There are 2 protein chains.
Amino acid sequence: VPSSEFELLAALRDRLDGDGPGIPLGVGDDAAVIHIAGARVAIAVDAVVVGVHADLRTTSYADLGWRALAVNLSDLAAIGARPVAAVVALARPRGTLDDDVMAIYRGLRAAADDFGVVVVGGDTVTADVLSVTVTLVGEAPAEPLRRDAAVVGDAVVLVGDVGLAGVALAAARAGATGLLDEYPRVGSAHRRPRPLVAEGVALAEGGAHACIDVSDGLGRDLGHIAAASGVGIVVDRLTVAQDVATVAARVGVDAMDLAIGGGDDYALAATIPADRVDAVVAATGGRVIGAVVAGSGVTLVVDGESRDVTHAGWEHGG
Amino acid sequence: VPSSEFELLAALRDRLDGDGPGIPLGVGDDAAVIHIAGARVAIAVDAVVVGVHADLRTTSYADLGWRALAVNLSDLAAIGARPVAAVVALARPRGTLDDDVMAIYRGLRAAADDFGVVVVGGDTVTADVLSVTVTLVGEAPAEPLRRDAAVVGDAVVLVGDVGLAGVALAAARAGATGLLDEYPRVGSAHRRPRPLVAEGVALAEGGAHACIDVSDGLGRDLGHIAAASGVGIVVDRLTVAQDVATVAARVGVDAMDLAIGGGDDYALAATIPADRVDAVVAATGGRVIGAVVAGSGVTLVVDGESRDVTHAGWEHGG
C-alpha cells in the first residue's frame, strides 16, 4: 500500500476487522481475503493522488490511469492472488478536460487488458485534487501470502528489480528524459510499471512464507515483514542492475540508496523455506538477496559494511 | 450512484467493459456482478466527498462515515445482493485531526455492524478535500435486478419513503435542528439513513423486473429505468408521508417537490409483474405508486394534473 499514512490506518486496526472466521487476511497486508459463497475473494484498494503519488509534469494522464490499476495489481500479487475485475472512483477538479479523463481511462484500460482484468464500473465525483481510486478483486490462493509468516532460516528472495523507479524519477526530474528512452526498463518503470502478477501466483504456489510488494522502499517494506513476523532480516547479496547503476551515475544519484530506499518499484520480496528456494527462484526469475534471522529490523551489508535500513524508504511528499 | 457526473462515466461505457461473458451487470447499474471461482460477486463503489455530498456544518464526522457505507449498501440493495465486506479509501487534508478520522471510522463501523459487513482494509492518502470512498462486495442473486428490465404492464413499487432526506436537509440548513429530534424518521434520514438491504434481497427473490435505489431524486431515477428499458412510467399514486408533510410545512418547502426530486433518499423503486405485486408488497413493505407504460419518460400525476418529472432530481452542488 503506497501510502505515507498507512500507519494511521494500521493504528485503527482495533476499530476495523482483522483476522477472524472467514477473513484469512485483514488490515495490514497488501490485500484482504474474504469468503463469498464459498469462493476466496481477494480485494485491494489504492488511491493514486496527483501531487502525492504522481506529478503531472512528469506523468501523462494515460500513464496515471495505468498506474492506478498497477498499484492494485501489485497488491494482489503480493498475496499470490489472480486479478479478475476492477472498479474505479475518479475525483476530478472542476475544469478537468474530458479528454484528460478519457486518457486516464484509456491507460487504465490498457493495463486491464494486459493483465486480463475487466473494468466493471465506477463513480466520478468533483474534488479539488485529481485522484484515481481503484478497487481490484480477484481469486485468492488457498494459502494467501502474508507479511507475518517469515521464519528464521528462510531465504529472502527478490523478484524484479529495485531502484528502477527511483533512478527514472531522478532522471525525469532532472529533465533527462532521453535516458528514459535510452534505457527502456527504466523508462517503463516510470511510465508503465509492470506489476509481477504471474510471479506472485508462482510464489504462492511455490510455498513462499511471507511476501510484500516493494512500493515504499525495500528497506522499509522488508521492515514490515520483520516487524509483523517478529524476526530480523539481513540483506547481504543485493546487487544493483547495470542500467540502474548507469542511469544513476549519469544523473548523479546513489544507485544503492535508491535500490534500498527508492519508492514505486513493483518488485516482490518474499521469504522462502530453504528446501524450496531453487524451485521458486526458477519459477519466478527471482534471486536470493539475504536471509531471515533471529532478532529484529533490516540490516543491509555492502562491501563488508552493515547498516540498519529498517526505515529506509520513500516518503510520499506533497 | 449519487454522482452528478455519472453521466460522464456512462458515456465512457465503450471504453470500459459492460455486459459480456461472466459479467452479468456492468457500468450503468448501481453495482456490477462478476464471477470469481464460481461465486457471483456483487461490487459497488461510491465516494462521499465533503462539499459535494456532505456538509460538515450539518453532518458529523461519524455520520459521514455511516453514510459512506450506507450509499454502497443501497447500491447493492438495488440489485438484490447481500453485502459481505468493505474496503475504505480515505482522503484527508493535511491538518485533519486524528480524532475526526477515528470518528469517521467509528460511524462506518457502526453501519457495518448493523448490516453484518466486515471492514477488511483500506488506504489513507493526503488530499485537499476530505472524502471517503468505500468499495463494497457481496453475494449477488442468480438474477440480479437491473435498470433495463422494466416491462410494459409492470406495477411501479416504492419501498421506503421519499422526501425524508430532502425535508431533513432543508430543516438542518434552516437551523431548525429541533425538528430532526421531534420527527425521528426525518432525523435518521439526515444523520444515519438506513439502506433497504433486506428489502432489496426480497425484491430479487420476489421476481422484480427492474430496480434502482432512489438517491438522485425519484423522478430522475425512475427516468433511468425508463430510458434503459425503453418504456414510459406514470406515477399517479405517490403520497407524501405525514412527517414529511409536517416538517416541509414548518420549514416552508414543498413536500411533493422534495418527494419527487429531493436527493439522498434511500428508497428502492422497482417494477413488478402484475401477478407478483401483492406478494412483493407484503414482503417488502412497499406500495404501488404507478405503472410502466408504452412510451418514454416519467409522468407525475397529482390531483389530476400531470407533469414531466423525468429530470426532476438532485444536483449535487459544490
# chains A, B, ... in the order shown; residues from 1 in each chain; ligands from 1
>>> select_by_dssp(residues="segment 54-103 of chain A", states="strand (DSSP E or B)", output="PyMOL selection string")
chain A and resi 54+82-92
>>> residues_around(residues="Ala210 of chain A", least_positions_apart="2", cutoff="10 Å", atoms="only C-alpha atoms", output="ChimeraX atom specification")
/A:78-79,144-151,154,156,203-204,207-208,212,222,225-226,228-229,269-273
>>> residues_around(residues="Asp265 of chain B", least_positions_apart="6", cutoff="7 Å", atoms="only C-alpha atoms", output="number ranges by chain")
B: 162-165, 214-215
>>> write_last_selection(atoms="N, CA, C and O atoms", output="mmCIF file, in the first residue's frame")
data_model
loop_
_atom_site.group_PDB
_atom_site.id
_atom_site.type_symbol
_atom_site.label_atom_id
_atom_site.label_comp_id
_atom_site.auth_asym_id
_atom_site.auth_seq_id
_atom_site.Cartn_x
_atom_site.Cartn_y
_atom_site.Cartn_z
ATOM 1 N N VAL B 162 -39.796 8.643 0.215
ATOM 2 C CA VAL B 162 -39.033 9.701 -0.447
ATOM 3 C C VAL B 162 -39.428 11.045 0.155
ATOM 4 O O VAL B 162 -40.548 11.215 0.632
ATOM 5 N N GLY B 163 -38.464 11.958 0.120
ATOM 6 C CA GLY B 163 -38.709 13.293 0.668
ATOM 7 C C GLY B 163 -38.173 13.468 2.078
ATOM 8 O O GLY B 163 -37.959 14.598 2.524
ATOM 9 N N LEU B 164 -37.944 12.363 2.779
ATOM 10 C CA LEU B 164 -37.430 12.446 4.156
ATOM 11 C C LEU B 164 -36.112 13.204 4.202
ATOM 12 O O LEU B 164 -35.936 14.132 4.995
ATOM 13 N N ALA B 165 -35.170 12.798 3.366
ATOM 14 C CA ALA B 165 -33.856 13.428 3.397
ATOM 15 C C ALA B 165 -33.937 14.880 2.941
ATOM 16 O O ALA B 165 -33.234 15.756 3.461
ATOM 17 N N VAL B 214 -33.167 5.058 -5.004
ATOM 18 C CA VAL B 214 -33.561 6.446 -5.260
ATOM 19 C C VAL B 214 -32.604 7.356 -4.511
ATOM 20 O O VAL B 214 -32.821 7.693 -3.356
ATOM 21 N N SER B 215 -31.518 7.718 -5.159
ATOM 22 C CA SER B 215 -30.533 8.568 -4.492
ATOM 23 C C SER B 215 -30.454 9.938 -5.132
ATOM 24 O O SER B 215 -30.011 10.888 -4.509
#
>>> residues_around(residues="segment 294-307 of chain A", least_positions_apart="5", cutoff="7 Å", atoms="only C-alpha atoms", output="list of chain:residue names")
A:Val152, A:Gly219, A:Leu222, A:Gly223, A:Ala226, A:Ala227, A:Gly230, A:Val231, A:Gly232, A:Ile233, A:Val234, A:Val235, A:Asp236
>>> select_by_dssp(residues="segment 56-116 of chain B", states="helix (DSSP H, G or I)", output="number ranges by chain")
B: 61-78, 98-114
>>> closest_residue(among="A:Val84, A:Ala39, A:Leu56, A:Ala142", to="Ala172 of chain A", atoms="only C-alpha atoms")
A:Leu56
>>> closest_residue(among="A:Ala103, A:Ile43, A:Val50, A:Val280", to="Val137 of chain B", atoms="only C-alpha atoms")
A:Ile43
>>> atom_distance(atom1="atom CA of Thr177 of chain B", atom2="atom CA of Val247 of chain B")
11.0 Å
>>> atom_distance(atom1="atom CA of Leu69 of chain A", atom2="atom CA of Val134 of chain A")
6.3 Å
>>> residues_around(residues="Leu90 of chain B", least_positions_apart="2", cutoff="12 Å", atoms="only C-alpha atoms", output="ChimeraX atom specification")
/A:3,5-6,8-9,45-49,89,131,133 /B:46-50,64-65,68,87-88,92-93,96,100-102,104-105,108,121-135
>>> closest_residue(among="A:Glu139, A:Asp264, A:Asp216, A:Asp55", to="chain B", atoms="only C-alpha atoms")
A:Glu139
>>> atom_distance(atom1="atom CA of Pro141 of chain B", atom2="atom CA of Ala81 of chain B")
5.9 Å
